[in-house]
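A.B. asks: So that we are looking at the same thing, I have put the structure below in structure tokens.
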Amino acid sequence: MEHSYCAQYEEVLLRPLHRYDIEYLRRWRNQKELNRFLTAVGEVTEDMQEKWFGAYLSDPDVVFFAVDYRRCRTVGSIALYEFKGDTCQIGKVVIGEKSAGGQGLGLKAFLMTARVGMECLGIRKFLLSVHEENARARAVYEKLGFRITGSHAFAGGGKELEMEASGSEIFGRHRVADKIYVFQEDGMKEKNLRGGYLIRRNCPASAVGVCTGTRLYTITEERSLNYGTWLYSFV
């Protein structure tokens with residue numbers, strides 16, 4: 001589904017998935033070490049990925065996000081899907097860039113996505129499925145507060161564990177809700193869902209070297225983020 005939800009937490013930016021992101025997704029989907037626990041679809045071609053993206057934009061039951069890390073470096077993706085009242089699935093998560101591994105980005109992406117789901121979509125409970133042999137992912141989900149509620153057979157062999165957690169359970173364990181800044185993308189001017197606006201200004205290449213890093217302030221004060229050639233000013 002085409003959407004405009006964004007969130008920022010520390011040096012991670014969660015934003016809508018755009019057409020220019022889909023080659024990343026295609027490359028990650030074709031890596032054996034990343035698709036081991038995904039439904040087998042064979043080699044994904046550029047044409048297949050383009051058709052997938054077109055179908056995604058018109059699907060009201062899926063909200064995909066790109067995960068950017070440190071100055072507009074796209075390192076992964078995550079989604080909310082299968083919405084039923086105040087419940088939905090959270091997953092389809094991939095941190096595909098090897099250089100971004102081992103920094104807890106998967107956990108942060110889950111926290112940010114859950115926060116967007118709660119604040120923007122009225123979600124109170126999150127569900128997910130994880131392959132029984134995917135111990136690394138399961139450990140992250142358990143750390144987030146997810147518990148096993150059942151299981152089902154996986155088409156590629158073995159079974160997937162069904163897990164769930166409420167938003168209050170997740171943020172009861174991880175008290176970072178007030179540190180996750182949620183806003184809405186809208187062209188060059190982005191509405192801050194908590195009031196005020198986020199103005200996106202083109203940052204000259206010559207200035208990139210001096211406007212780096214993340215400056216965290218209270219919501220009532222100005223704060224700036226530089227992601228590549230874009231300077232985000234929160235006012």
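Chains: A, B, ... in order of the structure tokens. Residues: from 1 per chain. Ligands: from 1, in order shown.
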May I have the residues within 6 Å of stretch 61-69 of chain A as number ranges by chain, using only C-alpha atoms and disregarding those fewer than 5 positions away in the same chain?
C.D. replies: A: 1, 11-17, 74-82
A.B. asks: Would you please give, as an MDAnalysis selection string, all residues of stretch 3-111 of chain A that DSSP assigns to strand (DSSP E) based on the backbone?
C.D. replies: chainID A and resid 5:9 12:16 62:69 73:84 87:95
A.B. asks: Would you mind exporting the chosen residues as a compact mmCIF listing (two decimals), in the first residue's frame, restricted to N, CA, C and O atoms?
C.D. replies:
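Saved file result.txt follows:
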# COMPACT_ATOMS: atom_id res chain seq x y z
N TYR A 5 4.14 6.97 6.11
CA TYR A 5 4.57 6.87 7.50
C TYR A 5 6.09 6.74 7.62
O TYR A 5 6.71 5.95 6.91
N CYS A 6 6.66 7.48 8.55
CA CYS A 6 8.10 7.45 8.79
C CYS A 6 8.36 7.45 10.30
O CYS A 6 7.50 7.86 11.09
N ALA A 7 9.55 7.02 10.68
CA ALA A 7 9.96 7.10 12.08
C ALA A 7 11.48 7.19 12.13
O ALA A 7 12.18 6.71 11.23
N GLN A 8 11.97 7.82 13.17
CA GLN A 8 13.41 7.95 13.39
C GLN A 8 13.72 7.56 14.82
O GLN A 8 13.03 7.94 15.77
N TYR A 9 14.78 6.75 14.97
CA TYR A 9 15.24 6.35 16.30
C TYR A 9 16.75 6.21 16.24
O TYR A 9 17.28 5.41 15.47
N VAL A 12 18.73 5.41 12.92
CA VAL A 12 17.93 4.61 12.00
C VAL A 12 16.71 5.40 11.54
O VAL A 12 16.03 6.04 12.35
N LEU A 13 16.45 5.36 10.25
CA LEU A 13 15.27 6.00 9.67
C LEU A 13 14.39 4.93 9.03
O LEU A 13 14.86 4.12 8.24
N LEU A 14 13.12 4.93 9.40
CA LEU A 14 12.12 4.05 8.80
C LEU A 14 11.29 4.92 7.88
O LEU A 14 10.78 5.96 8.30
N ARG A 15 11.13 4.53 6.63
CA ARG A 15 10.41 5.36 5.67
C ARG A 15 9.67 4.49 4.67
O ARG A 15 9.90 3.28 4.59
N PRO A 16 8.78 5.10 3.86
CA PRO A 16 8.06 4.31 2.85
C PRO A 16 9.01 3.67 1.85
O PRO A 16 10.06 4.24 1.52
N VAL A 62 -0.96 -4.43 2.98
CA VAL A 62 0.48 -4.52 3.24
C VAL A 62 1.08 -3.11 3.29
O VAL A 62 0.82 -2.30 2.40
N VAL A 63 1.86 -2.84 4.33
CA VAL A 63 2.56 -1.56 4.47
C VAL A 63 4.04 -1.86 4.60
O VAL A 63 4.49 -2.36 5.64
N PHE A 64 4.81 -1.59 3.55
CA PHE A 64 6.24 -1.87 3.55
C PHE A 64 7.05 -0.63 3.91
O PHE A 64 6.66 0.50 3.59
N PHE A 65 8.18 -0.86 4.57
CA PHE A 65 9.10 0.21 4.94
C PHE A 65 10.51 -0.14 4.48
O PHE A 65 10.91 -1.31 4.50
N ALA A 66 11.28 0.88 4.14
CA ALA A 66 12.71 0.72 3.94
C ALA A 66 13.38 1.13 5.25
O ALA A 66 12.89 1.99 5.97
N VAL A 67 14.50 0.48 5.56
CA VAL A 67 15.27 0.80 6.76
C VAL A 67 16.57 1.43 6.32
O VAL A 67 17.38 0.81 5.63
N ASP A 68 16.75 2.71 6.67
CA ASP A 68 17.99 3.43 6.34
C ASP A 68 18.83 3.58 7.60
O ASP A 68 18.30 3.78 8.69
N TYR A 69 20.12 3.52 7.41
CA TYR A 69 21.04 3.62 8.55
C TYR A 69 22.22 4.51 8.19
O TYR A 69 22.87 4.33 7.16
N ARG A 73 21.79 5.36 4.02
CA ARG A 73 22.27 4.08 3.53
C ARG A 73 21.18 3.05 3.76
O ARG A 73 20.87 2.71 4.90
N THR A 74 20.55 2.57 2.70
CA THR A 74 19.46 1.62 2.82
C THR A 74 20.02 0.24 3.12
O THR A 74 20.83 -0.29 2.36
N VAL A 75 19.60 -0.33 4.25
CA VAL A 75 20.19 -1.60 4.69
C VAL A 75 19.16 -2.72 4.85
O VAL A 75 19.53 -3.87 5.05
N GLY A 76 17.87 -2.41 4.77
CA GLY A 76 16.88 -3.46 4.98
C GLY A 76 15.46 -3.01 4.72
O GLY A 76 15.20 -1.91 4.23
N SER A 77 14.53 -3.91 5.05
CA SER A 77 13.11 -3.62 4.88
C SER A 77 12.31 -4.40 5.91
O SER A 77 12.80 -5.38 6.49
N ILE A 78 11.07 -3.98 6.12
CA ILE A 78 10.18 -4.60 7.09
C ILE A 78 8.76 -4.21 6.72
O ILE A 78 8.56 -3.25 5.98
N ALA A 79 7.76 -4.96 7.20
CA ALA A 79 6.38 -4.66 6.81
C ALA A 79 5.37 -4.98 7.90
O ALA A 79 5.62 -5.81 8.79
N LEU A 80 4.23 -4.32 7.81
CA LEU A 80 3.02 -4.65 8.55
C LEU A 80 2.03 -5.16 7.51
O LEU A 80 1.93 -4.59 6.42
N TYR A 81 1.28 -6.22 7.83
CA TYR A 81 0.37 -6.79 6.83
C TYR A 81 -0.71 -7.64 7.50
O TYR A 81 -0.65 -7.89 8.70
N GLU A 82 -1.68 -8.04 6.68
CA GLU A 82 -2.82 -8.83 7.16
C GLU A 82 -3.50 -8.16 8.35
O GLU A 82 -3.54 -8.69 9.46
N PHE A 83 -4.07 -7.01 8.09
CA PHE A 83 -4.73 -6.22 9.12
C PHE A 83 -6.13 -6.77 9.43
O PHE A 83 -6.91 -7.02 8.53
N LYS A 84 -6.39 -6.96 10.71
CA LYS A 84 -7.71 -7.40 11.17
C LYS A 84 -8.04 -6.61 12.43
O LYS A 84 -7.59 -6.95 13.53
N THR A 87 -5.30 -5.68 15.07
CA THR A 87 -4.25 -6.71 15.04
C THR A 87 -3.66 -6.81 13.64
O THR A 87 -4.37 -6.64 12.64
N CYS A 88 -2.37 -7.06 13.54
CA CYS A 88 -1.76 -7.30 12.23
C CYS A 88 -0.48 -8.12 12.39
O CYS A 88 0.03 -8.30 13.49
N GLN A 89 -0.03 -8.63 11.27
CA GLN A 89 1.25 -9.33 11.22
C GLN A 89 2.37 -8.30 11.09
O GLN A 89 2.21 -7.26 10.45
N ILE A 90 3.50 -8.59 11.71
CA ILE A 90 4.69 -7.76 11.55
C ILE A 90 5.83 -8.70 11.14
O ILE A 90 6.00 -9.77 11.72
N GLY A 91 6.56 -8.31 10.12
CA GLY A 91 7.63 -9.20 9.67
C GLY A 91 8.12 -8.85 8.28
O GLY A 91 8.25 -7.68 7.96
N LYS A 92 8.39 -9.89 7.47
CA LYS A 92 9.03 -9.71 6.15
C LYS A 92 10.30 -8.88 6.33
O LYS A 92 10.68 -8.08 5.46
N VAL A 93 10.95 -9.08 7.47
CA VAL A 93 12.11 -8.24 7.80
C VAL A 93 13.39 -8.81 7.20
O VAL A 93 13.63 -10.02 7.25
N VAL A 94 14.17 -7.94 6.62
CA VAL A 94 15.48 -8.30 6.08
C VAL A 94 16.45 -7.16 6.39
O VAL A 94 16.16 -6.00 6.08
N ILE A 95 17.55 -7.46 7.03
CA ILE A 95 18.67 -6.53 7.12
C ILE A 95 19.70 -7.12 6.17
O ILE A 95 20.42 -8.06 6.51
A.B. asks: With only C-alpha atoms as the counted atoms, please give the residues lying no more than 10 Å from A:His174, apart from itself and same-chain residues fewer than 6 positions off, as a list in words.
C.D. replies: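 Result of the neighbour search: Leu111, Lys143, Leu144, Gly145 and Ser168 of chain A.
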A.B. asks: For the selection you just gave me, I'd like the residues written to a file as a compact mmCIF listing (two decimals), in the first residue's frame, keeping N, CA and C atoms.
C.D. replies:
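New file out_36.txt:
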# COMPACT_ATOMS: atom_id res chain seq x y z
N LEU A 111 10.92 -2.30 16.66
CA LEU A 111 10.39 -1.33 17.61
C LEU A 111 9.79 -0.12 16.88
N LYS A 143 13.15 -11.47 22.75
CA LYS A 143 13.67 -10.30 23.46
C LYS A 143 12.68 -9.14 23.37
N LEU A 144 11.95 -9.06 22.25
CA LEU A 144 10.95 -8.02 22.07
C LEU A 144 9.71 -8.25 22.93
N GLY A 145 9.53 -9.49 23.36
CA GLY A 145 8.36 -9.80 24.18
C GLY A 145 7.37 -10.73 23.53
N SER A 168 1.76 -2.90 24.28
CA SER A 168 2.12 -2.55 25.66
C SER A 168 3.17 -3.52 26.21
A.B. asks: Pick the closest to A:Glu10 from A:Ala137, A:Ala165, A:Met112, A:Met118: which is it, counting only C-alpha atoms?
C.D. replies: A:Met112
A.B. asks: Quick one, how far is atom CA of A:Ala114 from atom CA of A:Gln31?
C.D. replies: 26.8 Å
A.B. asks: DSSP says alpha helix (DSSP H) for which residues of stretch 9-200 of chain A? Put them as an NGL selection string?
C.D. replies: :A and (22-29 or 32-35 or 46-57 or 105-121 or 135-144 or 167-173)
A.B. asks: Quick one: of A:Val41, A:Leu105, A:Met48, A:Ala153, who's nearest to A:Glu23, counting only C-alpha atoms?
C.D. replies: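 Checking each of A:Val41, A:Leu105, A:Met48, A:Ala153 against A:Glu23, counting only C-alpha atoms, the winner is A:Met48.
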A.B. asks: Residues of stretch 23-66 of chain A that have any atom at most 10 Å from an atom of stretch 120-134 of chain A: could you tabulate them with the shortest-distance atom pair and the distance in Å to one decimal, using only C-alpha atoms, ordered by chain and increasing number, as CSV?
C.D. replies:
residue,atom,partner,partner_atom,distance
A:Arg36,CA,A:Asn134,CA,9.2
A:Phe37,CA,A:His131,CA,6.4
A:Leu38,CA,A:His131,CA,8.9
